[in-house]
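So the structure is just underneath, and the comments pick up after that.
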Amino acid sequence: MKSTSSIGRRAFLGRAGVLASVAGSLEALHAAAKPGARPKNIIFMVADGMSPSVLPMAEQFSWLVRGKGMLWRALIDRPEAARALMDMASLSSVVTDSSAASSSWGSGARIFNGWVNMLPDGTALTPIASVSRDAGRRVGLVTTTTVTHATPAGFAAVQRDRGGEDEIAQQYQKRVDVVLGGGRQSFEAATRKDKRDLVGQFRGDGFTPVLSRDELLRLKAGGVQKLVGLFAPGMIPFTLDRNNSAELQRTVPTLAEMATAALAVLESSPKGFLLQVEGGRVDHAAHANDAASQMWEMLAFDDAIEAALRFAERHPETLLVITADHGNSNPGIGGKWAEWNSPSNGFKMLARARSSFSQIQPKLMGKGKADTAQIKDLVREACGFEFTSDEVEAVRAAAAGTKKLCLNSRLDKLAGIMGQAVGNHTGIGWVSTDHTSDYVLLTALGPGRERFAGQIRNTRCFENMVDLMGSKFRNPSMSPERARTFLRAAVEHPGAPHWV
Ligand SMILES: [Zn+2]
């Protein structure tokens, strides 16, 4: 029986813009979220590399290009949601990379940047995918990066070096039921180092392989128990590029479409499931100081949140956690460009973009580098507005490898110079082209949400999820003092890769 207050809530949400489409979901989740209740399903959503400053920017951009605000922002304001700030430090730095970040959720231990679920002394940790399957719950990974990239790997792989994506792919065969994203190169014989055909191997193990959007959308979920979907050789293309390419729209699914397909397969799991959904290219746009690409990635992530909430309306015994793994380059808009009615309003300028920086950078930096006239044309096509002569010259010099173009050494490179040039027109500035130590936002809905409130440590997510699965499992961990004895050898040897 519905109480008058819940009827009131539904009526209110029905008139509440972006929340209207999920009014039933919020009502159902709220009813299921009795204190102490345990969820059957857990959906863990990650906007990779999303600085807290990105959400208010995406809110403005969303209103401009789609006439409604961000669903995530609106959820933060709801009484059905628990809210937290999360400290994402790793064992080697206050600034984490994505594999140490995801491993903190995936094993409950802080580890070194660049490692996956392994302590500095080589102790292999049990990833949450294995804990979940031991508890009878199926496991899914959905991402816009390669499926073997740091964030999905942190839930299901154990590896000394996150760069070992061929090995990570192999580990999924026995630990994961649904894998959707990019990264075909780590599954196909032609591109794997060991020339093994993992697609065939997964098929032999009961997986249904799909390699295009059409195949994914045509799936009859009822017959599929295990699913591997690989929609690009490497990363899934940026949403901004997909939006401007009929070919990509036809062949590459959106994050929301992949999440919906994964949920349709996992739905039949008798004891529930754990699904990670990553908007992985929010991070890549930040590394590139590419504000327009980042905004579109945020909208795609927001659509995936809506897909997860729609699932939860039919299955309110679902805990939904929405968060980020670290800040990145901390963009912010400031100054006169924020004026609403100005034709140079930063968001209006951003909305003119027609391609990501990643599309033009090879042309700027390739053989026979572009001259200033070509750069002007490339930038106009990508951004939708003209750079000044000074800006074009700075981009040319940065592409040619010239240094000391700006005093901030962390921005003294092509990505930083491109970001600053666009920022002159949009008002958006960046502090670097790399990760930051900011606390990340976290929002939780459904049964178990109350465990994700206040100021929390990243490792708490593992403990919460495992407890909520009814398991008492804990991994070993290492103190920062002991870790320091390993740090010099592990991190400071010449040629150590710099992971993002
Ligand atoms: Zn990164």
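Ordered as shown in the structure tokens, chains take letters A, B, and onward, while each chain numbers its residues from 1 and ligands are numbered from 1 in the order shown.
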May I ask you to write as a ChimeraX atom specification all residues lying at most 10 Å from ligand 1, with only C-alpha atoms and all ligand atoms counted? /A:48-50,96-99,150,280-288,325-329,433-436,499-500
Quick one: residues within 8 Å of range 417-422 of chain A, only C-alpha atoms counted, chain neighbours fewer than 2 positions away excluded, as a PyMOL selection string? chain A and resi 288-291+387+391+394-395+398+405+411-415+424-426+428-430
Would you pick out the contacts of Ala453 in chain A at 10 Å or less, using only C-alpha atoms, so that residues sharing its chain but fewer than 2 positions from it are not included, and give the list as an NGL selection string? :A and (81-86 or 442-444 or 449-451 or 455-456)
Could you turn the residues from that selection into a file that holds N, CA and C atoms, as a PDB file, in the first residue's frame?
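To be explicit, this is the file written out as selection.pdb:
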ATOM      1  N   ALA A  81      18.659   9.683  -1.823  1.00  0.00           N
ATOM      2  CA  ALA A  81      20.082   9.425  -2.102  1.00  0.00           C
ATOM      3  C   ALA A  81      20.943   9.643  -0.873  1.00  0.00           C
ATOM      4  N   ALA A  82      21.971   8.802  -0.711  1.00  0.00           N
ATOM      5  CA  ALA A  82      23.042   9.068   0.254  1.00  0.00           C
ATOM      6  C   ALA A  82      24.173   9.735  -0.513  1.00  0.00           C
ATOM      7  N   ARG A  83      24.884  10.626   0.168  1.00  0.00           N
ATOM      8  CA  ARG A  83      25.946  11.397  -0.496  1.00  0.00           C
ATOM      9  C   ARG A  83      27.249  11.267   0.273  1.00  0.00           C
ATOM     10  N   ALA A  84      28.340  11.219  -0.475  1.00  0.00           N
ATOM     11  CA  ALA A  84      29.643  11.163   0.183  1.00  0.00           C
ATOM     12  C   ALA A  84      30.686  11.886  -0.650  1.00  0.00           C
ATOM     13  N   LEU A  85      31.755  12.288   0.047  1.00  0.00           N
ATOM     14  CA  LEU A  85      32.996  12.667  -0.609  1.00  0.00           C
ATOM     15  C   LEU A  85      33.964  11.530  -0.327  1.00  0.00           C
ATOM     16  N   MET A  86      34.710  11.106  -1.346  1.00  0.00           N
ATOM     17  CA  MET A  86      35.561   9.932  -1.171  1.00  0.00           C
ATOM     18  C   MET A  86      37.030  10.298  -1.410  1.00  0.00           C
ATOM     19  N   LEU A 442      30.242  11.059  -4.558  1.00  0.00           N
ATOM     20  CA  LEU A 442      29.622   9.730  -4.586  1.00  0.00           C
ATOM     21  C   LEU A 442      28.154   9.883  -4.202  1.00  0.00           C
ATOM     22  N   THR A 443      27.294   9.220  -4.957  1.00  0.00           N
ATOM     23  CA  THR A 443      25.857   9.227  -4.693  1.00  0.00           C
ATOM     24  C   THR A 443      25.377   7.782  -4.697  1.00  0.00           C
ATOM     25  N   ALA A 444      24.601   7.394  -3.691  1.00  0.00           N
ATOM     26  CA  ALA A 444      24.137   6.002  -3.609  1.00  0.00           C
ATOM     27  C   ALA A 444      22.633   5.967  -3.383  1.00  0.00           C
ATOM     28  N   ARG A 449      22.370   1.928   0.798  1.00  0.00           N
ATOM     29  CA  ARG A 449      22.879   3.277   0.470  1.00  0.00           C
ATOM     30  C   ARG A 449      23.479   3.978   1.691  1.00  0.00           C
ATOM     31  N   GLU A 450      22.904   3.697   2.898  1.00  0.00           N
ATOM     32  CA  GLU A 450      23.315   4.439   4.089  1.00  0.00           C
ATOM     33  C   GLU A 450      24.784   4.217   4.437  1.00  0.00           C
ATOM     34  N   ARG A 451      25.383   3.146   3.890  1.00  0.00           N
ATOM     35  CA  ARG A 451      26.804   2.895   4.153  1.00  0.00           C
ATOM     36  C   ARG A 451      27.722   3.838   3.374  1.00  0.00           C
ATOM     37  N   GLN A 455      32.231  11.460   4.718  1.00  0.00           N
ATOM     38  CA  GLN A 455      33.584  11.429   4.128  1.00  0.00           C
ATOM     39  C   GLN A 455      34.087  10.000   4.221  1.00  0.00           C
ATOM     40  N   ILE A 456      34.294   9.333   3.106  1.00  0.00           N
ATOM     41  CA  ILE A 456      34.693   7.925   3.161  1.00  0.00           C
ATOM     42  C   ILE A 456      36.024   7.686   2.440  1.00  0.00           C
TER      43      ILE A 456
END
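For the atom pair formed by CA of Asn41 in chain A and CA of Gln173 in chain A, the distance is 21.2 Å, given to one decimal.
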Using backbone DSSP assignments, extract all strand (DSSP E or B) residues from range 309-456 of chain A; output them as a list in words.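 So, restricting range 309-456 of chain A to strand (DSSP E or B), we get Thr318, Leu319, Leu320, Val321, Ile322, Thr323, Ala324, Gly327, Asn328, Gly332, Ile333, Ile428, Gly429, His435, Thr436, Val440, Leu441, Leu442, Thr443, Ala444, Leu445, Gly454, Gln455 and Ile456 of chain A.
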Neighbouring residues of Asp214 in chain A were defined as those with any atom within 12 Å, considering only C-alpha atoms; residues of the same chain fewer than 5 positions away were excluded. Please report them as a ChimeraX atom specification. /A:219,229,231,248-254,257-258,261
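Among A:Leu180, A:Val466, A:Leu71, A:Ala33, the residue with the shortest atom-to-atom distance to Ala135 in chain A, counting only C-alpha atoms, is A:Val466.
Close contacts of Pro152 in chain A, defined as residues with an atom at most 9 Å away when counting only C-alpha atoms, with chain neighbours fewer than 2 positions off set aside, comprise Ser99, Ser102, Leu141, Val142, Thr143, Thr145, Thr146, Val147, Thr148, His149, Ala150, Gly154, Phe155, Ala156, Ala157, Gln276, Val277 and Glu278 of chain A.
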Prev. selection, C-alpha atoms, output as a PDB file, in the first residue's frame:
ATOM      1  CA  SER A  99      44.100   0.977 -11.653  1.00  0.00           C
ATOM      2  CA  SER A 102      39.598   0.698  -9.030  1.00  0.00           C
ATOM      3  CA  LEU A 141      31.943  -4.945 -16.794  1.00  0.00           C
ATOM      4  CA  VAL A 142      30.859  -2.176 -19.179  1.00  0.00           C
ATOM      5  CA  THR A 143      33.150   0.618 -20.330  1.00  0.00           C
ATOM      6  CA  THR A 145      37.663   2.297 -22.735  1.00  0.00           C
ATOM      7  CA  THR A 146      39.171  -1.048 -23.657  1.00  0.00           C
ATOM      8  CA  VAL A 147      37.444  -3.672 -21.499  1.00  0.00           C
ATOM      9  CA  THR A 148      40.881  -4.625 -20.182  1.00  0.00           C
ATOM     10  CA  HIS A 149      41.687  -1.052 -19.114  1.00  0.00           C
ATOM     11  CA  ALA A 150      42.470  -0.064 -15.526  1.00  0.00           C
ATOM     12  CA  GLY A 154      40.355  -3.341 -10.939  1.00  0.00           C
ATOM     13  CA  PHE A 155      37.161  -5.336 -10.306  1.00  0.00           C
ATOM     14  CA  ALA A 156      38.236  -8.600 -11.910  1.00  0.00           C
ATOM     15  CA  ALA A 157      41.975  -8.909 -12.623  1.00  0.00           C
ATOM     16  CA  GLN A 276      30.533  -1.951 -13.080  1.00  0.00           C
ATOM     17  CA  VAL A 277      29.689   0.737 -15.673  1.00  0.00           C
ATOM     18  CA  GLU A 278      32.505   3.125 -16.580  1.00  0.00           C
TER      19      GLU A 278
END
